[in-house]
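Engineer: Dropping in final01.txt, which is compact mmCIF, C-alpha atoms and all ligand atoms:
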```txt
# COMPACT_ATOMS: atom_id res chain seq x y z
CA MET V 1 111.75 58.07 91.83
CA TYR V 2 112.84 61.02 93.98
CA ASP V 3 111.35 64.50 93.82
CA THR V 4 114.64 66.36 93.85
CA ALA V 5 118.26 65.34 93.39
CA LEU V 6 120.98 67.79 94.38
CA ILE V 7 123.99 66.57 92.40
CA GLY V 8 127.69 67.29 92.70
CA GLY V 9 127.71 69.75 95.60
CA GLU V 10 129.64 69.69 98.83
CA VAL V 11 127.35 68.65 101.66
CA TYR V 12 127.84 69.91 105.20
CA ALA V 13 127.46 67.08 107.69
CA GLY V 14 129.23 66.01 110.87
CA GLY V 15 131.13 69.28 111.07
CA GLY V 16 132.70 69.17 107.61
CA LEU V 17 132.04 69.41 103.87
CA PHE V 18 132.18 66.40 101.62
CA LYS V 19 131.23 65.75 98.03
CA SER V 20 127.91 63.96 97.79
CA ASN V 21 124.45 63.94 96.25
CA VAL V 22 121.27 64.55 98.21
CA PHE V 23 117.96 62.90 97.27
CA ILE V 24 114.65 64.30 98.51
CA LYS V 25 111.16 62.82 98.48
CA ASP V 26 107.97 64.08 100.15
CA GLY V 27 109.88 66.85 101.89
CA VAL V 28 112.35 64.51 103.54
CA ILE V 29 116.04 63.80 102.87
CA ARG V 30 115.93 60.13 101.87
CA LEU V 31 119.45 59.43 100.72
CA ILE V 32 122.88 61.02 100.81
CA GLY V 33 125.46 59.30 98.62
CA LEU V 34 127.71 59.40 95.60
CA GLU V 35 125.49 57.29 93.35
CA GLU V 36 122.83 58.72 91.03
CA HIS V 37 119.13 57.85 91.04
CA PRO V 38 116.18 58.91 88.91
CA SER V 39 114.51 62.11 90.09
CA LYS V 40 111.86 64.48 88.76
CA ASP V 41 114.05 67.50 89.35
CA VAL V 42 117.82 67.31 89.01
CA VAL V 43 119.82 70.28 90.26
CA ASP V 44 123.45 70.72 89.30
CA CYS V 45 125.18 71.84 92.50
CA SER V 46 128.77 71.76 91.31
CA GLY V 47 130.77 74.50 92.97
CA LEU V 48 128.08 74.94 95.64
CA PHE V 49 127.85 74.07 99.31
CA ILE V 50 124.66 72.31 100.43
CA LEU V 51 124.08 73.62 103.96
CA PRO V 52 121.45 72.88 106.63
CA GLY V 53 118.73 75.53 106.78
CA ILE V 54 119.44 78.17 109.39
CA ILE V 55 117.17 77.98 112.46
CA ASP V 56 116.96 81.42 113.99
CA PRO V 57 116.05 81.03 117.67
CA HIS V 58 115.34 84.72 118.24
CA VAL V 59 113.11 86.88 116.05
CA HIS V 60 110.42 89.49 116.71
CA MET V 61 108.00 89.77 113.80
CA GLU V 62 105.26 92.37 114.32
CA LEU V 63 106.41 93.04 117.87
CA ASN V 64 103.94 95.40 119.48
CA LEU V 65 105.75 97.88 121.71
CA GLY V 66 102.65 99.92 122.43
CA HIS V 67 103.46 103.11 120.53
CA VAL V 68 105.06 101.29 117.60
CA THR V 69 105.26 97.80 116.07
CA SER V 70 108.38 96.24 114.48
CA CYS V 71 107.92 96.62 110.74
CA ASP V 72 108.35 93.06 109.42
CA ASP V 73 105.19 90.99 109.63
CA PHE V 74 105.53 87.22 109.30
CA TYR V 75 105.30 87.36 105.51
CA GLN V 76 107.87 90.09 104.99
CA GLY V 77 110.12 88.78 107.72
CA SER V 78 110.02 85.21 106.43
CA VAL V 79 110.83 86.37 102.90
CA ALA V 80 113.79 88.35 104.26
CA ALA V 81 114.81 85.23 106.18
CA ALA V 82 114.59 82.99 103.10
CA PHE V 83 117.06 85.30 101.35
CA GLY V 84 119.51 84.49 104.12
CA GLY V 85 119.14 80.71 104.04
CA VAL V 86 116.88 80.68 107.11
CA THR V 87 114.26 77.92 107.01
CA THR V 88 112.84 78.10 110.56
CA ILE V 89 112.26 81.02 112.92
CA LEU V 90 111.39 80.93 116.60
CA ASP V 91 109.35 83.98 117.57
CA PHE V 92 108.00 85.10 120.96
CA LEU V 93 104.44 85.15 122.28
CA ASP V 94 103.24 88.36 123.92
CA PRO V 95 104.14 88.61 127.63
CA ILE V 96 101.54 87.23 130.04
CA GLU V 97 100.95 87.75 133.78
CA SER V 98 98.95 84.59 134.34
CA GLU V 99 98.70 81.09 132.89
CA MET V 100 95.06 81.90 132.08
CA LYS V 101 96.31 84.21 129.34
CA TYR V 102 98.52 81.59 127.73
CA ALA V 103 96.08 79.97 125.31
CA ASN V 104 95.10 83.33 123.85
CA ALA V 105 98.69 84.52 123.55
CA LEU V 106 99.52 81.39 121.57
CA LYS V 107 96.43 81.62 119.41
CA SER V 108 96.97 85.22 118.39
CA ARG V 109 100.62 84.72 117.43
CA MET V 110 99.79 81.48 115.64
CA GLU V 111 97.27 83.36 113.51
CA LYS V 112 99.82 86.00 112.54
CA ALA V 113 102.42 83.36 111.71
CA GLN V 114 100.13 81.77 109.09
CA ALA V 115 101.62 84.28 106.65
CA SER V 116 105.14 82.86 107.02
CA ILE V 117 106.70 81.17 103.96
CA ILE V 118 109.17 79.31 106.18
CA ASP V 119 108.58 77.13 109.25
CA TYR V 120 108.04 78.75 112.62
CA GLY V 121 107.82 77.96 116.30
CA PHE V 122 107.47 80.01 119.46
CA HIS V 123 108.74 80.74 122.93
CA ALA V 124 106.24 81.71 125.63
CA THR V 125 107.03 85.04 127.32
CA LEU V 126 106.29 86.21 130.85
CA GLY V 127 105.64 89.73 132.00
CA ASN V 128 105.17 90.50 135.67
CA PHE V 129 103.87 86.95 136.16
CA ARG V 130 101.74 86.27 139.27
CA GLY V 131 100.17 82.96 138.31
CA ASP V 132 100.84 79.26 138.76
CA VAL V 133 104.22 78.36 137.26
CA LYS V 134 103.68 74.58 137.29
CA GLU V 135 100.35 74.88 135.53
CA LEU V 136 101.86 77.26 132.97
CA VAL V 137 104.72 74.84 132.22
CA ARG V 138 102.18 72.05 131.71
CA GLN V 139 100.19 74.13 129.23
CA VAL V 140 103.29 75.32 127.39
CA LYS V 141 104.62 71.80 126.93
CA ARG V 142 101.25 70.37 125.92
CA SER V 143 100.93 72.99 123.18
CA GLY V 144 104.24 72.08 121.54
CA LEU V 145 106.62 74.62 123.00
CA SER V 146 109.68 73.86 125.13
CA SER V 147 110.76 77.30 126.30
CA ILE V 148 109.66 80.29 128.36
CA LYS V 149 111.33 83.68 128.19
CA VAL V 150 111.60 86.14 131.06
CA PHE V 151 113.14 89.59 131.54
CA THR V 152 115.11 90.68 134.58
CA THR V 153 114.57 94.27 133.45
CA TYR V 154 111.88 96.49 131.86
CA SER V 155 110.11 97.18 135.17
CA GLU V 156 108.99 100.45 133.53
CA SER V 157 106.77 98.45 131.15
CA ASP V 158 105.84 95.85 133.81
CA ARG V 159 107.74 93.05 132.12
CA LYS V 160 110.24 92.32 134.91
CA VAL V 161 109.79 88.78 136.19
CA PRO V 162 109.37 88.38 139.97
CA LYS V 163 112.39 86.57 141.43
CA GLU V 164 110.34 83.73 142.91
CA VAL V 165 108.82 83.06 139.48
CA LEU V 166 112.28 82.88 137.91
CA GLU V 167 113.39 80.46 140.62
CA ALA V 168 110.29 78.33 140.15
CA LEU V 169 110.83 78.20 136.40
CA LEU V 170 114.45 77.17 136.73
CA GLY V 171 113.25 74.29 138.87
CA GLU V 172 111.03 72.97 136.06
CA GLU V 173 112.02 70.78 133.13
CA ILE V 174 111.77 73.53 130.58
CA VAL V 175 114.16 75.85 128.75
CA THR V 176 114.14 79.13 130.67
CA MET V 177 115.33 81.93 128.41
CA VAL V 178 116.53 85.00 130.25
CA HIS V 179 117.06 88.54 129.04
CA ALA V 180 119.65 89.45 131.66
CA GLU V 181 120.15 93.07 132.63
CA ASP V 182 120.14 94.32 136.22
CA ASP V 183 117.10 96.56 136.37
CA GLU V 184 118.57 98.63 139.18
CA LEU V 185 121.55 99.58 137.01
CA VAL V 186 119.40 100.45 133.97
CA ASP V 187 118.13 103.97 133.36
CA ALA V 188 115.09 103.57 131.12
CA ARG V 189 114.53 107.34 130.96
CA TYR V 190 117.99 108.15 129.60
CA LYS V 191 117.69 110.61 126.70
CA GLU V 192 121.14 111.02 125.10
CA ILE V 193 121.59 108.81 122.03
CA SER V 194 125.34 109.24 121.51
CA THR V 195 126.11 107.85 124.97
CA PHE V 196 123.17 105.42 125.17
CA GLU V 197 125.36 102.56 126.37
CA ASN V 198 125.80 104.33 129.72
CA SER V 199 122.10 103.81 130.42
CA ARG V 200 122.39 100.03 130.21
CA PRO V 201 126.07 99.52 131.05
CA LEU V 202 128.12 96.36 130.84
CA THR V 203 127.98 96.13 134.63
CA SER V 204 124.20 95.70 134.41
CA GLU V 205 124.64 92.62 132.20
CA LEU V 206 127.40 91.16 134.34
CA SER V 207 125.51 91.78 137.57
CA ALA V 208 122.36 90.11 136.24
CA LEU V 209 124.40 87.13 135.02
CA LYS V 210 126.04 86.69 138.43
CA ASP V 211 122.61 86.72 140.10
CA LEU V 212 121.38 84.12 137.63
CA LEU V 213 124.29 81.79 138.13
CA ALA V 214 123.67 81.80 141.87
CA LEU V 215 120.21 80.27 141.43
CA LYS V 216 119.56 76.54 141.67
CA ARG V 217 118.21 74.91 138.55
CA ARG V 218 116.93 71.64 137.26
CA GLY V 219 115.88 72.68 133.76
CA VAL V 220 117.93 74.44 131.12
CA LEU V 221 119.11 78.04 131.44
CA TYR V 222 119.36 79.84 128.08
CA VAL V 223 120.75 83.37 128.19
CA VAL V 224 119.58 85.39 125.19
CA HIS V 225 121.63 88.00 123.32
CA VAL V 226 124.73 88.11 125.53
CA SER V 227 126.28 91.39 124.39
CA SER V 228 129.84 91.20 125.67
CA GLY V 229 132.93 89.00 125.68
CA SER V 230 133.07 89.37 129.47
CA GLY V 231 129.48 88.14 129.77
CA VAL V 232 130.25 85.04 127.72
CA GLU V 233 133.33 84.38 129.82
CA LEU V 234 131.36 84.62 133.04
CA LEU V 235 128.70 82.17 131.81
CA SER V 236 131.18 79.70 130.42
CA ASN V 237 132.32 78.85 133.94
CA MET V 238 128.98 77.17 134.49
CA LYS V 239 127.95 73.85 133.05
CA HIS V 240 124.77 73.46 131.03
CA VAL V 241 124.16 77.10 130.29
CA VAL V 242 123.13 77.82 126.73
CA ILE V 243 124.76 81.04 125.54
CA GLU V 244 123.31 83.00 122.63
CA SER V 245 124.68 86.11 120.98
CA CYS V 246 123.78 88.09 117.86
CA PRO V 247 125.70 89.21 114.76
CA HIS V 248 125.65 92.92 115.72
CA TYR V 249 127.65 92.33 118.88
CA PHE V 250 130.40 90.75 116.77
CA TYR V 251 130.48 93.56 114.19
CA LEU V 252 129.49 96.84 115.80
CA SER V 253 130.42 98.85 118.88
CA LYS V 254 128.91 101.67 120.91
CA GLU V 255 130.91 104.12 118.76
CA SER V 256 128.06 103.77 116.23
CA PHE V 257 125.70 105.61 118.61
CA LYS V 258 127.88 108.71 118.12
CA GLU V 259 127.18 108.84 114.39
CA GLU V 260 124.91 111.56 113.05
CA GLN V 261 122.10 108.99 112.72
CA GLY V 262 123.18 107.03 115.78
CA ALA V 263 119.54 106.32 116.66
CA LEU V 264 119.44 103.80 113.81
CA TYR V 265 121.62 101.51 115.94
CA LEU V 266 119.66 101.68 119.19
CA LEU V 267 118.81 98.33 120.72
CA ALA V 268 118.89 96.62 124.10
CA PRO V 269 121.21 95.38 125.42
CA PRO V 270 123.26 98.05 123.65
CA LEU V 271 126.36 97.67 121.54
CA ARG V 272 129.44 97.56 123.75
CA SER V 273 133.01 98.88 123.57
CA ARG V 274 135.38 97.76 120.82
CA GLU V 275 137.34 95.80 123.44
CA GLU V 276 134.25 93.83 124.49
CA ARG V 277 133.32 93.23 120.86
CA ASP V 278 136.81 91.90 120.07
CA LYS V 279 136.77 89.72 123.17
CA LEU V 280 133.41 88.30 122.10
CA ASN V 281 134.88 87.42 118.70
CA LYS V 282 137.75 85.58 120.38
CA ARG V 283 135.33 83.62 122.59
CA ILE V 284 133.16 82.32 119.74
CA SER V 285 133.81 78.69 120.67
CA LEU V 286 132.05 79.22 124.02
CA LEU V 287 128.76 80.20 122.38
CA THR V 288 126.00 77.69 121.80
CA THR V 289 123.67 79.51 119.40
CA ILE V 290 123.43 82.61 117.26
CA GLY V 291 120.09 84.42 117.08
CA THR V 292 119.57 87.64 115.17
CA ASP V 293 117.12 89.29 117.58
CA HIS V 294 115.60 90.46 114.28
CA CYS V 295 113.41 93.43 115.22
CA PRO V 296 113.52 96.02 112.42
CA PHE V 297 111.93 99.45 112.27
CA LYS V 298 111.78 101.98 109.49
CA LYS V 299 114.35 104.75 109.43
CA GLU V 300 111.77 107.41 110.15
CA GLU V 301 110.54 105.56 113.27
CA LYS V 302 114.08 105.41 114.64
CA LEU V 303 114.99 109.01 113.83
CA LYS V 304 111.89 111.01 114.65
CA TYR V 305 112.20 111.18 118.44
CA GLY V 306 115.76 112.32 119.10
CA ASP V 307 115.32 110.93 122.63
CA ALA V 308 116.93 107.56 123.43
CA ALA V 309 114.12 106.64 125.83
CA LYS V 310 111.53 106.91 123.07
CA VAL V 311 113.40 105.43 120.09
CA PRO V 312 112.08 101.91 119.43
CA LYS V 313 114.89 99.47 120.29
CA GLY V 314 115.85 96.85 117.77
CA ILE V 315 117.49 96.29 114.40
CA GLY V 316 116.94 93.81 111.58
CA SER V 317 119.51 91.55 109.95
CA ILE V 318 117.95 88.17 109.28
CA SER V 319 118.77 88.24 105.54
CA TYR V 320 122.46 88.47 106.35
CA SER V 321 122.91 86.76 109.70
CA PHE V 322 124.48 83.64 108.24
CA LEU V 323 126.67 85.54 105.77
CA LEU V 324 127.88 87.93 108.47
CA MET V 325 128.83 85.10 110.79
CA TYR V 326 130.29 82.95 107.98
CA ASN V 327 132.52 85.83 106.94
CA LYS V 328 134.06 85.90 110.40
CA PHE V 329 134.11 82.24 111.32
CA GLY V 330 133.72 80.14 108.16
CA ILE V 331 131.84 76.86 108.23
CA GLY V 332 132.61 76.51 111.96
CA ILE V 333 129.59 78.72 112.61
CA ILE V 334 127.01 76.46 110.92
CA ASP V 335 126.18 74.17 113.87
CA LYS V 336 125.54 77.15 116.14
CA MET V 337 122.91 78.35 113.66
CA SER V 338 121.21 75.03 112.90
CA LYS V 339 122.02 71.80 114.74
CA ASN V 340 122.55 73.36 118.18
CA VAL V 341 119.29 75.27 118.02
CA ALA V 342 117.37 72.09 117.15
CA ALA V 343 119.11 70.24 120.00
CA VAL V 344 118.48 72.94 122.61
CA PHE V 345 114.75 73.26 121.92
CA GLY V 346 113.99 69.70 120.86
CA LEU V 347 113.08 70.29 117.21
CA LYS V 348 112.83 66.80 115.85
CA ASP V 349 114.14 66.04 112.34
CA LYS V 350 115.59 69.51 111.89
CA GLY V 351 118.99 71.18 112.00
CA GLU V 352 121.09 68.73 110.03
CA ILE V 353 121.45 67.34 106.55
CA LYS V 354 120.82 63.75 107.44
CA GLU V 355 118.76 60.89 106.06
CA GLY V 356 115.28 61.02 107.59
CA HIS V 357 115.47 64.73 108.39
CA ARG V 358 113.27 67.43 106.84
CA ALA V 359 114.77 68.74 103.60
CA ASP V 360 115.42 72.21 105.05
CA LEU V 361 118.59 73.42 103.39
CA PHE V 362 120.18 76.06 101.22
CA LEU V 363 122.61 76.18 98.34
CA PHE V 364 125.54 78.48 98.94
CA ASP V 365 128.12 79.76 96.45
CA PRO V 366 131.36 80.40 98.37
CA LEU V 367 132.97 82.24 95.46
CA LYS V 368 130.29 84.85 94.80
CA HIS V 369 129.89 88.04 96.80
CA THR V 370 126.83 89.68 98.34
CA VAL V 371 126.35 93.40 98.84
CA VAL V 372 124.13 94.21 101.82
CA SER V 373 120.94 95.92 100.66
CA ALA V 374 119.01 98.57 102.58
CA HIS V 375 115.76 97.02 101.42
CA MET V 376 115.22 93.56 102.82
CA GLY V 377 111.84 92.98 104.42
CA ALA V 378 109.80 96.08 105.21
CA SER V 379 112.62 98.22 106.60
CA ASP V 380 114.43 100.84 104.52
CA TYR V 381 117.89 100.68 106.01
CA SER V 382 120.46 98.22 107.30
CA VAL V 383 123.23 98.86 109.80
CA TYR V 384 125.42 96.82 107.43
CA GLN V 385 124.29 98.63 104.27
CA ASP V 386 126.68 98.32 101.28
CA MET V 387 129.01 95.97 103.14
CA VAL V 388 130.48 93.38 100.75
CA LEU V 389 130.35 89.85 102.13
CA LYS V 390 131.94 86.81 100.59
CA GLY V 391 129.55 84.06 99.57
CA ALA V 392 125.96 84.13 98.34
CA VAL V 393 122.79 82.24 99.22
CA ILE V 394 121.55 80.88 95.89
CA ARG V 395 118.50 78.81 96.78
CA THR V 396 116.58 78.09 99.98
CA MET V 397 114.39 75.01 100.43
CA VAL V 398 111.87 74.29 103.19
CA SER V 399 110.73 70.66 103.43
CA GLY V 400 112.02 70.14 99.90
CA LYS V 401 110.13 73.12 98.49
CA VAL V 402 112.00 75.99 96.89
CA VAL V 403 111.05 79.24 98.65
CA MET V 404 113.84 81.43 97.24
CA ASP V 405 115.88 80.91 94.11
CA ASP V 406 118.39 83.39 92.76
CA GLY V 407 116.54 86.37 94.22
CA ARG V 408 113.05 85.15 93.34
CA VAL V 409 110.59 84.25 96.08
CA PHE V 410 108.02 81.45 95.81
CA GLU V 411 104.84 81.16 97.79
CA ASN V 412 104.82 78.53 100.48
CA LYS V 413 102.86 77.84 103.61
CA GLY V 414 105.33 77.47 106.45
CA GLN V 415 104.46 74.90 109.12
CA PHE V 416 104.29 75.26 112.88
CA VAL V 417 107.21 73.34 114.33
CA ARG V 418 106.53 71.60 117.61
CA SER V 419 109.38 71.58 120.08
CA ASP V 420 109.45 68.93 122.74
CA PHE V 421 111.53 69.05 125.90
CA ASN V 422 111.80 65.24 125.78
CA ASP V 423 113.36 65.39 122.31
CA ARG V 424 116.05 67.84 123.30
CA THR V 425 119.66 66.75 123.74
CA ASP V 426 122.77 68.25 125.30
CA GLU V 427 124.82 67.65 122.15
CA TYR V 428 126.07 71.15 121.59
ZN ZN L 501 114.74 89.81 121.54
```
Render the structure in this file as structure tokens.

Structural biologist:
Amino acid sequence: MYDTALIGGEVYAGGGLFKSNVFIKDGVIRLIGLEEHPSKDVVDCSGLFILPGIIDPHVHMELNLGHVTSCDDFYQGSVAAAFGGVTTILDFLDPIESEMKYANALKSRMEKAQASIIDYGFHATLGNFRGDVKELVRQVKRSGLSSIKVFTTYSESDRKVPKEVLEALLGEEIVTMVHAEDDELVDARYKEISTFENSRPLTSELSALKDLLALKRRGVLYVVHVSSGSGVELLSNMKHVVIESCPHYFYLSKESFKEEQGALYLLAPPLRSREERDKLNKRISLLTTIGTDHCPFKKEEKLKYGDAAKVPKGIGSISYSFLLMYNKFGIGIIDKMSKNVAAVFGLKDKGEIKEGHRADLFLFDPLKHTVVSAHMGASDYSVYQDMVLKGAVIRTMVSGKVVMDDGRVFENKGQFVRSDFNDRTDEY
């Protein structure tokens, strides 16, 4: 007897959709096949796609920026995520300067994440790190993480990684995630919102990427939120670089900063020119993963300063990240938002609809439409507000448990997902 049988839908597996039934027991996909078996709960999925749960590799719940904190906590953010078919999020620990701070950084984020209704994992983050890189890598791996993020910018808030630390990290068997902007070409005190892109120009991304590619590495280089088509092109010349971008760089351009409420769009790296956006869209096949960089603030927080340097940077979109990308690229986008993420970070039993894998999946109606709401999570606006997207997420399941069904949310205790460098593969 199975717990749940999903009957008559089209299952996404191996890069395509095919008609099949999915049988779940104890949170695990036990059987995929055309036959029928007894089950406690039988769900008619005719007309629906059964898709692997989205794994978002890049979110910032309750990100403390000193003067302000991003407005989604792990509960609100995970509910917003469940609406979008997301079943696992990878968040970031607070930046540390020494390996001695690591255990506490993990503990405090782990406590906050208890509120999540979907599964969660973490990336360690370095500030102006002056400690022992080898010892840090040991601790990170032992605690069930496979990645460490660094910034090549933000010297003004002491988060810029020293070059020798970056080099040491790239020499370790770990995923080194890099926020790449050339600090010398960034003007962190720039005030004008309408021309904000000038303060962190395309040249600063390209220059930082060139510097990165010149470094020797043994581990895996993962470049977060590449904002331009030219940046993607530059990276694609190198083997074994994981390239991530975000929905906003595919949809929006720096023209949005000129709007009356242009501050609502401020984020870093900034939105680029229309030409770069279009080039990015054409280069989609070169990307490995899509992360949302979900970091929402309330409207008032974004608008009250009128000074680009002070406006908190970041936007939210996790409820719509899959829909936005599906509307541009169809089912070809799915692997970049599930399987590839699991492969890159070594998330065992996740990322695919496959016998033996966790039953993390969502039911998707390709014929319905979704109107983007201003009120998902704790924020009160969306940069995509009122946009009509084809398709609708009907039901989201985490380890076989329904967490969202037809707009209703169900309580669930998300689990910490261990990532293991030894479980990672280069199949992406
Ligand atoms: Zn980020």

Engineer: Show which residues sit within 12 Å of Ser157 in chain V, as a list in words. Count only C-alpha atoms, and ignore same-chain residues fewer than 6 positions away.

Structural biologist: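 Residues near the query, excluding close chain neighbours: Leu65, Gly66, Pro95, Gly127, Asn128, Phe151, Asp183, Ala188 and Arg189 of chain V.
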
Engineer: Could you give me the residues within 10 Å of ligand ZN 501 (chain L), counting all atoms listed in the file, as a VMD selection string?

Structural biologist: chain V and resid 57 to 60 63 91 to 92 149 179 224 to 225 246 267 to 269 291 to 295 313 to 314

Engineer: Would you pick out the contacts of Ala308 in chain V at 7 Å or less, using all atoms listed in the file, so that residues sharing its chain but fewer than 5 positions from it are not included, and give the list as an MDAnalysis selection string?

Structural biologist: chainID V and resid 190:193 196

Engineer: I'd like to know which of V:Lys19, V:Lys258, V:Lys279, V:Arg272 is closest to Gly229 in chain V, using all atoms listed in the file.

Structural biologist: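 Of V:Lys19, V:Lys258, V:Lys279, V:Arg272, the one nearest Gly229 in chain V, counting all atoms listed in the file, is V:Lys279.
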
Engineer: Ranking V:Ile148, V:Leu287, V:Val398, V:Ile7 by minimum distance to His357 in chain V and counting only C-alpha atoms, which one comes first?

Structural biologist: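 Selected residue with least distance to His357 in chain V: V:Val398.
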
Engineer: If I take CA of Glu36 in chain V and CA of Gly9 in chain V, how far is one from the other in Å, to one decimal?

Structural biologist: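 Interatomic distance, CA of Glu36 in chain V to CA of Gly9 in chain V: 12.9 Å.
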
Engineer: Could you jot down the CA of Lys368 in chain V to CA of Gly8 in chain V separation for me, Å, one decimal place?

Structural biologist: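 The value is 17.9 Å.
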
Engineer: Assuming the input is short of atoms at range 308-321 of chain V, produce N, CA and C atoms for that part as a JSON list (two decimals), keeping the file's coordinate frame.

Structural biologist:
```json
[["chain", "number", "residue", "atom", "x", "y", "z"],
["V", 308, "ALA", "N", 116.61, 109.00, 123.35],
["V", 308, "ALA", "CA", 116.93, 107.56, 123.43],
["V", 308, "ALA", "C", 115.82, 106.76, 124.11],
["V", 309, "ALA", "N", 115.16, 107.37, 125.09],
["V", 309, "ALA", "CA", 114.12, 106.64, 125.83],
["V", 309, "ALA", "C", 112.95, 106.29, 124.92],
["V", 310, "LYS", "N", 112.71, 107.13, 123.91],
["V", 310, "LYS", "CA", 111.53, 106.91, 123.07],
["V", 310, "LYS", "C", 111.83, 106.14, 121.79],
["V", 311, "VAL", "N", 113.06, 106.14, 121.34],
["V", 311, "VAL", "CA", 113.40, 105.43, 120.09],
["V", 311, "VAL", "C", 113.09, 103.95, 120.24],
["V", 312, "PRO", "N", 112.32, 103.35, 119.31],
["V", 312, "PRO", "CA", 112.08, 101.91, 119.43],
["V", 312, "PRO", "C", 113.40, 101.14, 119.32],
["V", 313, "LYS", "N", 113.61, 100.19, 120.24],
["V", 313, "LYS", "CA", 114.89, 99.47, 120.29],
["V", 313, "LYS", "C", 114.80, 98.22, 119.42],
["V", 314, "GLY", "N", 115.80, 98.06, 118.59],
["V", 314, "GLY", "CA", 115.85, 96.85, 117.77],
["V", 314, "GLY", "C", 116.37, 97.16, 116.39],
["V", 315, "ILE", "N", 117.02, 96.17, 115.78],
["V", 315, "ILE", "CA", 117.49, 96.29, 114.40],
["V", 315, "ILE", "C", 117.19, 94.97, 113.68],
["V", 316, "GLY", "N", 117.20, 95.02, 112.36],
["V", 316, "GLY", "CA", 116.94, 93.81, 111.58],
["V", 316, "GLY", "C", 118.22, 93.34, 110.91],
["V", 317, "SER", "N", 118.34, 92.04, 110.69],
["V", 317, "SER", "CA", 119.51, 91.55, 109.95],
["V", 317, "SER", "C", 119.34, 90.11, 109.49],
["V", 318, "ILE", "N", 118.12, 89.61, 109.50],
["V", 318, "ILE", "CA", 117.95, 88.17, 109.28],
["V", 318, "ILE", "C", 118.39, 87.73, 107.88],
["V", 319, "SER", "N", 118.35, 88.62, 106.90],
["V", 319, "SER", "CA", 118.77, 88.24, 105.54],
["V", 319, "SER", "C", 120.27, 88.00, 105.46],
["V", 320, "TYR", "N", 121.00, 88.54, 106.43],
["V", 320, "TYR", "CA", 122.46, 88.47, 106.35],
["V", 320, "TYR", "C", 123.10, 87.80, 107.55],
["V", 321, "SER", "N", 122.31, 87.27, 108.47],
["V", 321, "SER", "CA", 122.91, 86.76, 109.70],
["V", 321, "SER", "C", 123.91, 85.64, 109.41]]
```
